[in-house]
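Colleague: Sharing protein-v7.cif here; it has mmCIF, C-alpha atoms.
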data_query
#
loop_
_atom_site.label_atom_id
_atom_site.label_comp_id
_atom_site.auth_asym_id
_atom_site.auth_seq_id
_atom_site.Cartn_x
_atom_site.Cartn_y
_atom_site.Cartn_z
CA MET A 1 236.69 111.95 61.12
CA THR A 2 236.21 108.86 63.19
CA LYS A 3 239.08 107.65 65.30
CA ASN A 4 240.41 104.18 65.90
CA GLY A 5 238.99 102.53 68.94
CA GLU A 6 239.21 99.10 70.43
CA PHE A 7 239.58 95.86 68.57
CA TYR A 8 236.56 93.65 68.16
CA GLN A 9 236.71 90.92 70.73
CA ARG A 10 238.29 87.71 69.56
CA ASP A 11 235.69 85.06 68.75
CA ARG A 12 236.94 82.29 70.99
CA THR A 13 234.41 79.85 69.55
CA TRP A 14 236.07 80.25 66.14
CA HIS A 15 239.55 79.58 67.47
CA PRO A 16 240.57 76.27 69.00
CA PRO A 17 239.97 75.90 72.75
CA ALA A 18 243.03 75.55 74.96
CA VAL A 19 242.37 71.92 75.88
CA THR A 20 242.01 69.58 72.91
CA PRO A 21 242.67 66.04 74.16
CA ASP A 22 243.09 64.52 70.69
CA TYR A 23 246.08 66.80 70.32
CA LYS A 24 247.75 65.33 73.36
CA THR A 25 250.39 67.95 74.07
CA SER A 26 247.68 70.54 74.71
CA VAL A 27 246.47 68.73 77.82
CA THR A 28 249.30 69.81 80.12
CA ARG A 29 249.99 73.10 78.32
CA SER A 30 246.58 74.70 78.68
CA PRO A 31 245.43 77.03 81.45
CA GLN A 32 242.68 75.54 83.60
CA TYR A 33 241.29 78.87 84.74
CA SER A 34 239.38 81.16 82.42
CA LEU A 35 241.22 83.91 80.63
CA ILE A 36 240.52 87.30 82.17
CA SER A 37 239.03 89.60 79.54
CA LEU A 38 240.57 93.05 79.23
CA GLN A 39 239.24 96.06 77.42
CA ASN A 40 242.04 97.49 75.31
CA SER A 41 244.54 99.93 76.76
CA VAL A 42 247.51 101.50 75.03
CA SER A 43 249.41 98.27 75.76
CA GLU A 44 247.14 96.26 73.47
CA VAL A 45 246.40 98.71 70.64
CA THR A 46 250.09 99.25 69.95
CA GLY A 47 252.60 96.75 68.62
CA PRO A 48 255.99 96.58 66.94
CA VAL A 49 256.49 98.36 63.64
CA PHE A 50 258.83 96.90 61.02
CA GLY A 51 260.37 98.42 57.93
CA HIS A 52 262.33 97.44 54.87
CA ASN A 53 265.57 97.91 56.79
CA ASP A 54 264.63 95.00 59.02
CA ILE A 55 264.55 92.43 56.24
CA HIS A 56 266.22 91.61 52.93
CA ALA A 57 264.32 91.88 49.66
CA LEU A 58 264.94 88.20 48.84
CA ASP A 59 263.91 86.84 52.23
CA ASN A 60 260.58 85.82 50.66
CA ASP A 61 262.19 83.42 48.16
CA LEU A 62 262.59 80.13 50.02
CA ILE A 63 263.71 78.35 46.85
CA HIS A 64 266.85 80.48 46.81
CA ASN A 65 267.35 82.15 50.19
CA TYR A 66 269.40 79.26 51.56
CA ALA A 67 270.61 77.70 48.31
CA GLN A 68 274.17 77.66 47.06
CA ALA A 69 274.75 80.12 44.24
CA GLY A 70 273.22 78.69 41.07
CA ASP A 71 271.33 76.02 42.98
CA ALA A 72 267.72 75.77 44.16
CA ALA A 73 265.63 73.87 46.66
CA ILE A 74 264.17 70.53 45.53
CA GLY A 75 260.41 70.13 45.30
CA GLU A 76 257.22 71.26 43.63
CA ARG A 77 257.70 74.96 42.98
CA ILE A 78 254.86 77.05 44.36
CA ILE A 79 253.87 80.64 44.96
CA LEU A 80 252.00 81.30 48.17
CA HIS A 81 250.27 84.65 47.99
CA GLY A 82 247.36 86.61 49.36
CA ARG A 83 246.35 89.65 51.32
CA VAL A 84 246.36 90.52 54.98
CA LEU A 85 243.03 92.12 55.80
CA ASP A 86 241.16 93.02 58.95
CA GLU A 87 237.63 91.95 59.79
CA ASN A 88 236.38 95.19 58.20
CA HIS A 89 237.89 94.14 54.84
CA ARG A 90 240.58 96.80 55.18
CA PRO A 91 244.02 95.81 53.90
CA ILE A 92 246.86 95.90 56.44
CA PRO A 93 249.88 97.41 54.71
CA ASN A 94 253.53 97.14 55.76
CA THR A 95 253.00 94.35 58.20
CA LEU A 96 255.49 91.56 58.76
CA VAL A 97 254.56 88.07 57.57
CA GLU A 98 256.93 85.26 58.50
CA VAL A 99 256.70 81.64 57.38
CA TRP A 100 258.45 78.37 58.16
CA GLN A 101 257.99 74.87 56.80
CA ALA A 102 259.43 71.41 56.24
CA ASN A 103 261.22 70.55 53.01
CA ALA A 104 259.70 68.53 50.16
CA GLY A 105 260.42 65.31 52.04
CA GLY A 106 258.72 66.48 55.23
CA ARG A 107 261.92 67.20 57.14
CA TYR A 108 262.59 70.39 59.09
CA ARG A 109 265.98 71.99 59.29
CA HIS A 110 266.02 71.93 63.09
CA LYS A 111 268.39 70.28 65.46
CA LYS A 112 265.47 68.66 67.25
CA ASP A 113 263.93 67.07 64.11
CA THR A 114 265.17 63.51 63.65
CA TYR A 115 262.73 62.29 60.96
CA LEU A 116 264.50 59.96 58.53
CA ALA A 117 263.69 61.99 55.40
CA PRO A 118 266.85 63.79 54.26
CA ILE A 119 267.76 67.42 54.72
CA ASP A 120 267.87 69.37 51.45
CA PRO A 121 271.21 71.21 51.51
CA ASN A 122 269.67 74.04 49.48
CA PHE A 123 266.58 74.59 51.60
CA GLY A 124 266.47 76.51 54.88
CA GLY A 125 262.71 76.56 55.35
CA CYS A 126 261.94 80.08 56.48
CA GLY A 127 261.00 83.34 54.83
CA ARG A 128 259.59 86.75 55.65
CA THR A 129 258.17 89.75 53.89
CA LEU A 130 256.25 92.96 54.43
CA THR A 131 252.81 93.43 52.90
CA ASP A 132 252.59 96.18 50.31
CA GLU A 133 250.28 99.19 50.35
CA SER A 134 247.27 97.03 49.53
CA GLY A 135 248.07 94.38 52.10
CA TYR A 136 249.42 91.98 49.50
CA TYR A 137 252.26 89.52 50.13
CA PHE A 138 253.83 86.61 48.31
CA PHE A 139 256.40 83.90 48.87
CA ARG A 140 258.12 81.65 46.40
CA THR A 141 258.82 78.23 47.90
CA ILE A 142 258.45 74.50 47.43
CA LYS A 143 255.43 72.57 48.59
CA PRO A 144 256.30 70.98 51.93
CA GLY A 145 255.95 67.24 52.39
CA ALA A 146 253.67 65.49 54.86
CA TYR A 147 255.41 63.89 57.82
CA PRO A 148 254.61 61.58 60.74
CA TRP A 149 254.49 62.86 64.31
CA ARG A 150 254.08 61.33 67.73
CA ASN A 151 250.53 61.73 68.95
CA TRP A 152 248.63 58.58 68.16
CA VAL A 153 250.92 55.91 66.76
CA ASN A 154 250.20 56.76 63.14
CA ASN A 155 249.49 60.47 62.82
CA TRP A 156 250.64 62.43 59.78
CA ARG A 157 250.67 66.17 59.44
CA PRO A 158 249.15 67.38 56.17
CA ALA A 159 251.46 69.54 54.09
CA HIS A 160 251.48 72.91 55.80
CA ILE A 161 253.29 76.20 56.12
CA HIS A 162 253.43 77.96 59.47
CA VAL A 163 252.51 81.64 59.23
CA SER A 164 253.18 84.39 61.78
CA ILE A 165 251.52 87.81 61.39
CA PHE A 166 251.75 91.01 63.44
CA GLY A 167 249.17 93.50 62.20
CA THR A 168 249.41 96.92 63.80
CA ALA A 169 248.77 95.96 67.42
CA PHE A 170 249.78 93.34 69.95
CA ALA A 171 246.07 92.43 70.15
CA GLN A 172 246.25 91.21 66.54
CA ARG A 173 249.29 88.98 66.96
CA LEU A 174 248.62 85.60 65.37
CA ILE A 175 250.34 82.38 64.42
CA THR A 176 248.51 79.88 62.26
CA GLN A 177 249.12 77.19 59.66
CA CYS A 178 248.27 77.17 55.96
CA TYR A 179 247.14 73.90 54.35
CA PHE A 180 246.68 73.08 50.68
CA GLU A 181 243.47 72.41 48.75
CA GLY A 182 242.80 68.76 48.07
CA ASP A 183 245.08 67.23 50.70
CA PRO A 184 243.32 64.15 52.15
CA LEU A 185 245.41 64.36 55.34
CA ILE A 186 243.81 67.65 56.39
CA ASP A 187 240.64 66.01 57.64
CA LYS A 188 242.60 63.34 59.54
CA CYS A 189 244.80 65.74 61.48
CA PRO A 190 244.16 66.22 65.22
CA ILE A 191 245.84 69.64 65.11
CA VAL A 192 243.53 70.84 62.31
CA HIS A 193 240.63 69.44 64.32
CA THR A 194 241.48 71.47 67.39
CA ILE A 195 239.33 74.02 65.51
CA PRO A 196 235.74 72.92 66.14
CA ASP A 197 234.01 74.73 63.27
CA ALA A 198 234.27 73.29 59.75
CA GLN A 199 234.09 76.72 58.12
CA ALA A 200 236.87 77.96 60.36
CA ARG A 201 239.01 74.98 59.37
CA ALA A 202 238.27 75.71 55.71
CA GLN A 203 239.65 79.22 56.23
CA LEU A 204 243.10 77.65 56.69
CA VAL A 205 243.08 75.82 53.36
CA ALA A 206 244.82 77.75 50.58
CA ALA A 207 243.06 77.53 47.22
CA LEU A 208 244.82 76.35 44.10
CA ASP A 209 245.05 79.54 42.06
CA MET A 210 245.79 78.79 38.44
CA ASN A 211 245.43 82.42 37.43
CA ALA A 212 248.38 83.39 39.61
CA SER A 213 250.59 80.50 38.58
CA VAL A 214 253.59 81.12 36.34
CA PRO A 215 253.31 78.85 33.29
CA LEU A 216 256.17 76.35 32.96
CA ASP A 217 257.57 77.55 36.30
CA SER A 218 255.41 77.57 39.46
CA ILE A 219 251.91 76.73 40.57
CA ALA A 220 250.14 79.14 42.92
CA TYR A 221 248.04 78.89 46.06
CA LYS A 222 246.11 81.81 47.48
CA PHE A 223 245.99 82.29 51.24
CA ASP A 224 244.27 85.39 52.57
CA ILE A 225 244.80 86.19 56.23
CA VAL A 226 242.30 88.07 58.38
CA LEU A 227 243.31 89.84 61.58
CA ARG A 228 241.03 91.41 64.15
CA GLY A 229 239.15 94.52 63.07
CA ARG A 230 238.85 97.73 64.97
CA ARG A 231 235.93 99.79 66.04
CA SER A 232 235.54 103.41 65.00
CA THR A 233 234.88 105.55 68.03
CA LEU A 234 231.64 107.33 67.29
CA PHE A 235 230.74 107.72 70.92
CA GLU A 236 232.31 108.06 74.32
CA ASN A 237 233.83 105.16 76.26
CA ARG A 238 236.84 105.40 74.04
CA LEU A 239 240.48 104.93 74.75
CA GLU A 240 241.97 107.89 76.51
CA GLY A 241 244.34 109.77 74.25
CA ASN A 242 242.91 108.37 71.05
CA MET B 1 215.05 87.78 56.14
CA ILE B 2 217.42 90.35 57.52
CA GLN B 3 220.38 92.15 56.07
CA LYS B 4 223.70 90.36 56.14
CA LEU B 5 226.55 91.67 58.24
CA ASP B 6 229.58 91.87 56.06
CA TYR B 7 232.44 91.26 58.49
CA LEU B 8 235.21 88.83 57.76
CA LYS B 9 236.17 86.24 60.34
CA GLU B 10 239.58 86.33 61.95
CA THR B 11 241.88 83.59 60.68
CA PRO B 12 241.83 80.85 63.31
CA SER B 13 244.98 80.20 65.28
CA GLN B 14 247.05 77.03 65.14
CA THR B 15 249.88 75.96 67.40
CA ALA B 16 253.33 77.29 66.60
CA GLY B 17 254.56 73.71 66.92
CA PRO B 18 257.94 72.48 68.11
CA TYR B 19 259.94 74.12 65.33
CA VAL B 20 258.89 77.73 65.76
CA HIS B 21 262.58 78.63 65.90
CA ILE B 22 263.08 77.83 62.22
CA GLY B 23 260.85 80.67 61.25
CA LEU B 24 261.32 83.15 64.02
CA ALA B 25 264.77 82.38 65.45
CA PRO B 26 266.65 80.28 62.89
CA GLY B 27 269.95 80.71 64.70
CA ALA B 28 268.49 78.73 67.58
CA ALA B 29 267.26 76.04 65.19
CA GLY B 30 270.88 75.58 64.19
CA PHE B 31 271.39 77.53 60.99
CA ASP B 32 272.29 80.94 59.78
CA ILE B 33 270.08 82.40 57.06
CA TYR B 34 269.15 86.03 57.69
CA GLU B 35 271.55 88.92 57.88
CA LYS B 36 269.52 90.19 60.80
CA GLU B 37 267.29 88.16 63.09
CA LEU B 38 264.54 90.26 64.60
CA GLY B 39 263.83 90.88 68.23
CA TRP B 40 267.16 90.36 69.97
CA ASP B 41 267.64 93.91 71.19
CA ILE B 42 264.54 95.23 72.89
CA ALA B 43 265.75 98.55 74.25
CA GLY B 44 268.69 99.45 72.00
CA PRO B 45 271.82 101.30 73.08
CA ASN B 46 270.29 104.75 73.58
CA ALA B 47 267.44 103.88 75.89
CA ASN B 48 267.18 105.73 79.18
CA GLY B 49 266.14 104.01 82.34
CA GLU B 50 267.28 101.18 84.51
CA ARG B 51 268.95 98.28 82.71
CA ILE B 52 267.45 95.02 83.91
CA ARG B 53 267.49 91.34 83.08
CA ILE B 54 264.39 89.19 83.29
CA GLU B 55 264.63 85.44 83.53
CA GLY B 56 262.38 82.49 84.20
CA VAL B 57 260.93 79.24 82.99
CA VAL B 58 257.54 78.28 81.62
CA ILE B 59 256.18 75.28 83.53
CA ASP B 60 253.56 72.82 82.29
CA GLY B 61 250.85 71.01 84.27
CA THR B 62 253.22 68.24 85.34
CA GLY B 63 255.61 70.76 86.86
CA SER B 64 258.17 70.35 84.07
CA PRO B 65 259.86 73.22 82.26
CA ILE B 66 258.76 73.72 78.64
CA LYS B 67 261.83 73.64 76.47
CA ASP B 68 260.34 74.55 73.10
CA VAL B 69 258.44 77.67 74.09
CA MET B 70 258.87 81.11 72.54
CA LEU B 71 257.88 84.36 74.18
CA GLU B 72 257.46 87.80 72.73
CA ALA B 73 257.77 90.88 74.89
CA TRP B 74 256.15 94.27 74.20
CA GLN B 75 256.87 97.18 76.49
CA ALA B 76 257.01 100.93 76.83
CA ASN B 77 260.19 102.91 77.38
CA SER B 78 261.15 104.44 80.72
CA GLU B 79 258.78 107.35 80.09
CA GLY B 80 255.86 105.07 79.40
CA HIS B 81 255.82 105.53 75.62
CA TYR B 82 255.43 102.66 73.19
CA ALA B 83 257.35 102.74 69.90
CA HIS B 84 254.18 103.06 67.86
CA PRO B 85 252.17 105.93 66.32
CA GLU B 86 249.58 105.59 69.10
CA GLY B 87 252.17 104.90 71.77
CA GLY B 88 251.81 108.10 73.76
CA GLY B 89 254.99 109.93 72.76
CA THR B 90 258.43 109.68 71.27
CA VAL B 91 261.01 107.05 72.15
CA GLU B 92 264.79 107.01 72.01
CA ASP B 93 266.44 106.29 68.67
CA GLY B 94 266.74 102.52 68.38
CA PHE B 95 264.21 101.75 71.10
CA LYS B 96 261.93 99.02 69.77
CA GLY B 97 260.20 97.75 72.90
CA TRP B 98 259.65 94.38 71.26
CA GLY B 99 261.67 91.25 71.55
CA ARG B 100 261.75 87.51 71.16
CA VAL B 101 262.83 85.14 73.85
CA ILE B 102 263.59 81.46 73.47
CA THR B 103 264.68 78.92 76.02
CA ASP B 104 267.75 76.87 76.57
CA PHE B 105 266.76 73.57 74.92
CA GLU B 106 268.23 71.56 77.80
CA THR B 107 266.84 73.42 80.80
CA GLY B 108 263.92 75.53 79.59
CA GLU B 109 265.45 78.64 81.20
CA TRP B 110 265.00 81.90 79.32
CA ALA B 111 266.28 85.42 79.89
CA PHE B 112 266.24 88.79 78.18
CA ASP B 113 267.87 92.15 78.78
CA THR B 114 265.92 95.38 78.58
CA ILE B 115 265.15 98.55 80.48
CA LYS B 116 262.47 98.87 83.10
CA PRO B 117 259.39 100.43 81.51
CA GLY B 118 257.66 103.47 82.95
CA ARG B 119 254.03 103.90 83.84
CA THR B 120 251.67 104.07 80.89
CA ARG B 121 248.37 105.81 80.59
CA GLY B 122 245.31 103.89 81.69
CA ARG B 123 242.41 103.05 79.47
CA ASP B 124 239.96 105.45 81.05
CA VAL B 125 241.62 107.26 83.91
CA GLY B 126 244.86 107.09 85.83
CA GLN B 127 247.96 105.17 84.95
CA GLN B 128 248.99 101.59 84.55
CA ALA B 129 251.86 100.31 86.67
CA PRO B 130 255.08 99.51 84.80
CA HIS B 131 254.60 96.20 83.00
CA ILE B 132 255.80 94.12 80.10
CA ASN B 133 253.23 92.42 77.88
CA LEU B 134 254.11 88.84 77.08
CA TRP B 135 252.81 86.50 74.39
CA ILE B 136 253.62 82.81 74.74
CA VAL B 137 253.53 80.22 71.97
CA ALA B 138 254.66 76.60 71.85
CA ARG B 139 253.74 73.14 70.74
CA GLY B 140 250.53 72.28 72.57
CA ILE B 141 249.40 75.91 72.89
CA ASN B 142 246.56 76.31 70.40
CA VAL B 143 246.17 80.08 70.72
CA GLY B 144 249.07 82.23 71.91
CA LEU B 145 248.71 83.12 75.59
CA ASN B 146 248.79 86.75 76.71
CA THR B 147 249.96 87.75 80.14
CA ARG B 148 251.65 90.73 81.82
CA LEU B 149 254.79 90.93 83.90
CA TYR B 150 254.69 93.48 86.72
CA PHE B 151 257.53 94.35 89.12
CA ASP B 152 257.40 93.41 92.79
CA ASP B 153 259.21 96.59 93.87
CA GLU B 154 256.47 98.83 92.39
CA THR B 155 254.15 98.39 95.32
CA GLU B 156 252.40 101.76 95.09
CA ALA B 157 251.88 101.69 91.34
CA ASN B 158 250.75 98.07 91.42
CA ALA B 159 248.19 98.84 94.11
CA VAL B 160 246.31 101.19 91.76
CA ASP B 161 246.92 99.37 88.48
CA PRO B 162 243.56 98.92 86.72
CA VAL B 163 244.42 95.52 85.27
CA LEU B 164 245.78 93.99 88.48
CA ASN B 165 242.72 95.30 90.27
CA LEU B 166 240.47 93.65 87.73
CA ILE B 167 241.67 90.24 88.93
CA GLU B 168 238.99 89.26 91.39
CA TRP B 169 241.14 86.79 93.32
CA GLU B 170 243.80 88.85 95.05
CA THR B 171 245.99 85.80 95.62
CA ARG B 172 246.26 85.31 91.89
CA ARG B 173 247.64 88.82 91.31
CA SER B 174 250.99 87.77 92.73
CA THR B 175 251.45 85.36 89.81
CA LEU B 176 252.14 88.45 87.68
CA LEU B 177 254.86 89.90 89.92
CA ALA B 178 258.48 89.43 88.89
CA LYS B 179 260.80 89.20 91.90
CA ARG B 180 263.73 91.56 92.06
CA ASN B 181 267.21 90.33 92.92
CA ASP B 182 270.60 91.97 92.77
CA ARG B 183 273.25 89.77 91.29
CA ASP B 184 276.83 91.00 91.05
CA GLY B 185 275.61 94.56 90.75
CA HIS B 186 273.04 93.72 88.08
CA VAL B 187 269.29 93.85 88.55
CA VAL B 188 267.64 90.54 87.74
CA TYR B 189 263.93 89.86 87.95
CA ARG B 190 262.67 86.30 88.20
CA PHE B 191 259.37 85.52 86.48
CA ASP B 192 258.27 81.90 86.26
CA ILE B 193 255.12 81.23 84.29
CA LYS B 194 252.88 78.30 85.22
CA LEU B 195 250.50 77.23 82.48
CA GLN B 196 248.35 75.21 84.85
CA GLY B 197 248.18 73.76 88.32
CA HIS B 198 248.85 75.35 91.69
CA ASN B 199 249.49 79.09 91.31
CA GLU B 200 248.58 79.06 87.64
CA THR B 201 249.64 82.34 86.04
CA VAL B 202 246.87 84.76 85.12
CA PHE B 203 246.33 84.91 81.35
CA PHE B 204 244.29 87.52 79.55
CA ASP B 205 241.93 87.67 76.64
CA ILE B 206 242.99 91.00 75.20
#
So, in terms of structure tokens, how does the structure I just supplied come out?

Modeller:
Amino acid sequence: MTKNGEFYQRDRTWHPPAVTPDYKTSVTRSPQYSLISLQNSVSEVTGPVFGHNDIHALDNDLIHNYAQAGDAAIGERIILHGRVLDENHRPIPNTLVEVWQANAGGRYRHKKDTYLAPIDPNFGGCGRTLTDESGYYFFRTIKPGAYPWRNWVNNWRPAHIHVSIFGTAFAQRLITQCYFEGDPLIDKCPIVHTIPDAQARAQLVAALDMNASVPLDSIAYKFDIVLRGRRSTLFENRLEGN
Amino acid sequence: MIQKLDYLKETPSQTAGPYVHIGLAPGAAGFDIYEKELGWDIAGPNANGERIRIEGVVIDGTGSPIKDVMLEAWQANSEGHYAHPEGGGTVEDGFKGWGRVITDFETGEWAFDTIKPGRTRGRDVGQQAPHINLWIVARGINVGLNTRLYFDDETEANAVDPVLNLIEWETRRSTLLAKRNDRDGHVVYRFDIKLQGHNETVFFDI
């Protein structure tokens, strides 16, 4: 039987570079020196493990997880679902997926957000879940609104949901954003365009998924997430102890 | 024509943005939603080893503290075992080794309580000096930044640490050393992280 080895190196040309001047905040928050590349040790191939005791079964229902009893969040009801896979197409089971987003008016429930769109008293804006045995996850939520932000004078974020994923190792840790098929603001967004490659940007756009929608209830978007894959150690030069 | 390699591409990263707290630390965003927020007790009550506090700020290229940053810590227990199936051994009941750290919104100061980790096995030979792996995300950071915190009182272990020794510029190694202080009988390490400029912290591509 082959054993797990190191993770494939991250393709830094696929990810955004650290300095992206059109996204102004990155200019002073980006290292100027090159990252130092490390081959994996035990510190990188391990990472936190979560279980069903860590979360509540309804944490993945953003329509109801902050609503008063009998109430629901306002907005277009959607299901966001997909699988967490690695680069080898293998599903990643039991991994924590966390999301956060603005409400239907584009306002975040955060003490630092002062946008004039109103707070929805029945919407918190965060959710979390564990993938099942086949790497599958889903959230029920409302489609977030677009909102303006200070970069150029008139920048608007496309509707998006922030997604945080762990995988099985600290080397796989990832935060990204999920956009929605057909949104004309995607191509105008300097944050989306921190990613140089058009195919890579397309990987962040969830597809309208009519087959997974619930008739007369919710429309669905499919968003698969890919984390770094791992080598099988067929030869020497492997991690000690593995 | 050649055969096609059938690998998937990793999902590209995007900034965590200014409101990362909503998702990952909603209490700090100003509301109470989950019964249990994750990551606020790294070591747990049963962990052996020296109880320590680590504190610092993350500083941007203008020299200003970053007030909307979030850090995650990942560390071994005092015996050098990570709480993971490949972590090298068992850990105490309740020892997680993982935590989340956010800043004071006014000052940018952050702090977390944990135990000092032990030495962990090296990749090929030998041992790594005690260290805490850190992952830093914020508005303006496009891909989370990985670094390591080492301890300035571990002179012998640090001298033979394979990762510290990989840093060609010896003067840069000191950017990874947390400075030990005793404060009212408690051990406090100071670890300021500089994203750019003079004495920029070493960051890793892991």

Colleague: Please list as a ChimeraX atom specification every residue within 10 Å of region 199-216 of chain A, counting only C-alpha atoms and excluding residues in the same chain fewer than 3 positions away.

Modeller: /A:13-16,77-82,160,176-183,186-187,192-196,219-226 /B:9-14

Colleague: Any chance you could work out the residue set of the PyMOL selection byres ((chain A and resi 162) around 12) here, as a PyMOL selection string?

Modeller: (chain A and resi 80+97-102+108+125-128+144+158-161+163-165+174-179+204+223) or (chain B and resi 13-24)

Colleague: Within 9 Å of region 192-194 of chain B, counting all atoms listed in the file, which residues qualify if same-chain residues fewer than 5 places away don't, as a PDB file with C-alpha atoms, in the frame of the given file?

Modeller:
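See out-v8.pdb below for the written result:
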ATOM      1  CA  PRO A  31     245.430  77.030  81.450  1.00  0.00           C
TER       2      PRO A  31
ATOM      3  CA  GLU B  55     264.630  85.440  83.530  1.00  0.00           C
ATOM      4  CA  GLY B  56     262.380  82.490  84.200  1.00  0.00           C
ATOM      5  CA  VAL B  57     260.930  79.240  82.990  1.00  0.00           C
ATOM      6  CA  VAL B  58     257.540  78.280  81.620  1.00  0.00           C
ATOM      7  CA  ILE B  59     256.180  75.280  83.530  1.00  0.00           C
ATOM      8  CA  ASP B  60     253.560  72.820  82.290  1.00  0.00           C
ATOM      9  CA  GLY B  61     250.850  71.010  84.270  1.00  0.00           C
ATOM     10  CA  GLY B  63     255.610  70.760  86.860  1.00  0.00           C
ATOM     11  CA  THR B 175     251.450  85.360  89.810  1.00  0.00           C
ATOM     12  CA  LEU B 176     252.140  88.450  87.680  1.00  0.00           C
ATOM     13  CA  ALA B 178     258.480  89.430  88.890  1.00  0.00           C
ATOM     14  CA  ASN B 199     249.490  79.090  91.310  1.00  0.00           C
ATOM     15  CA  GLU B 200     248.580  79.060  87.640  1.00  0.00           C
ATOM     16  CA  THR B 201     249.640  82.340  86.040  1.00  0.00           C
ATOM     17  CA  VAL B 202     246.870  84.760  85.120  1.00  0.00           C
TER      18      VAL B 202
END

Colleague: Would you mind telling me which residue in A:Leu62, A:Ile36, A:Ala73, A:Ala169 lies nearest to chain B when using all atoms listed in the file?

Modeller: A:Ile36

Colleague: Interatomic distance between CA of Ile33 (chain B) and CA of Ile132 (chain B)?

Modeller: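 We find that CA of Ile33 (chain B) and CA of Ile132 (chain B) lie 29.5 Å from each other.
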
Colleague: What gap, in Å, lies between CA of Arg173 (chain B) and CA of Thr28 (chain A)?

Modeller: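 Separation between CA of Arg173 (chain B) and CA of Thr28 (chain A): 22.1 Å.
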
Colleague: What gap, in Å, lies between CA of Phe95 (chain B) and CA of Thr147 (chain B)?

Modeller: 21.9 Å

Colleague: Taking the file above as input, evaluate the PyMOL selection byres ((chain B and resi 1-5) around 12) and report the hits as a PyMOL selection string.

Modeller: (chain A and resi 87-88) or (chain B and resi 6-9)

Colleague: May I have the protein, DNA and RNA residues with any atom at most 7 Å from the point (264.4, 95.3, 72.1), counting all atoms listed in the file, written as an MDAnalysis selection string?

Modeller: chainID B and resid 39:44 95:99 114

Colleague: What do you get, as number ranges by chain, if you spell out every residue that the PyMOL selection byres ((chain B and resi 123) around 8) selects here?

Modeller: A: 39-42, 239-240; B: 121-122, 124-126

Colleague: Given all atoms listed in the file as the basis, pick out the residue of A:Gln32, A:Asn155, A:Asn65, A:Gln172 nearest to Lys188 (chain A).

Modeller: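 Checking each of A:Gln32, A:Asn155, A:Asn65, A:Gln172 against Lys188 (chain A), counting all atoms listed in the file, the winner is A:Asn155.
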
Colleague: Residues near Lys116 (chain B), anyone? I mean within 10 Å using all atoms listed in the file, not counting same-chain ones fewer than 3 positions away, as a PyMOL selection string.

Modeller: chain B and resi 43+48-54+75-80+113+119+130-132+151

Colleague: Which polymer residues have any atom within 7 Å of an atom of Arg231 (chain A), counting all atoms listed in the file, with same-chain residues fewer than 6 positions away left out, as a count of residues only?

Modeller: 5

Colleague: Looking at all atoms listed in the file, which of A:Gly106, A:Gly70, A:Gly124, A:Pro190 is the one that sits closest to chain B?

Modeller: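 Closest to chain B of all the choices is A:Gly124.
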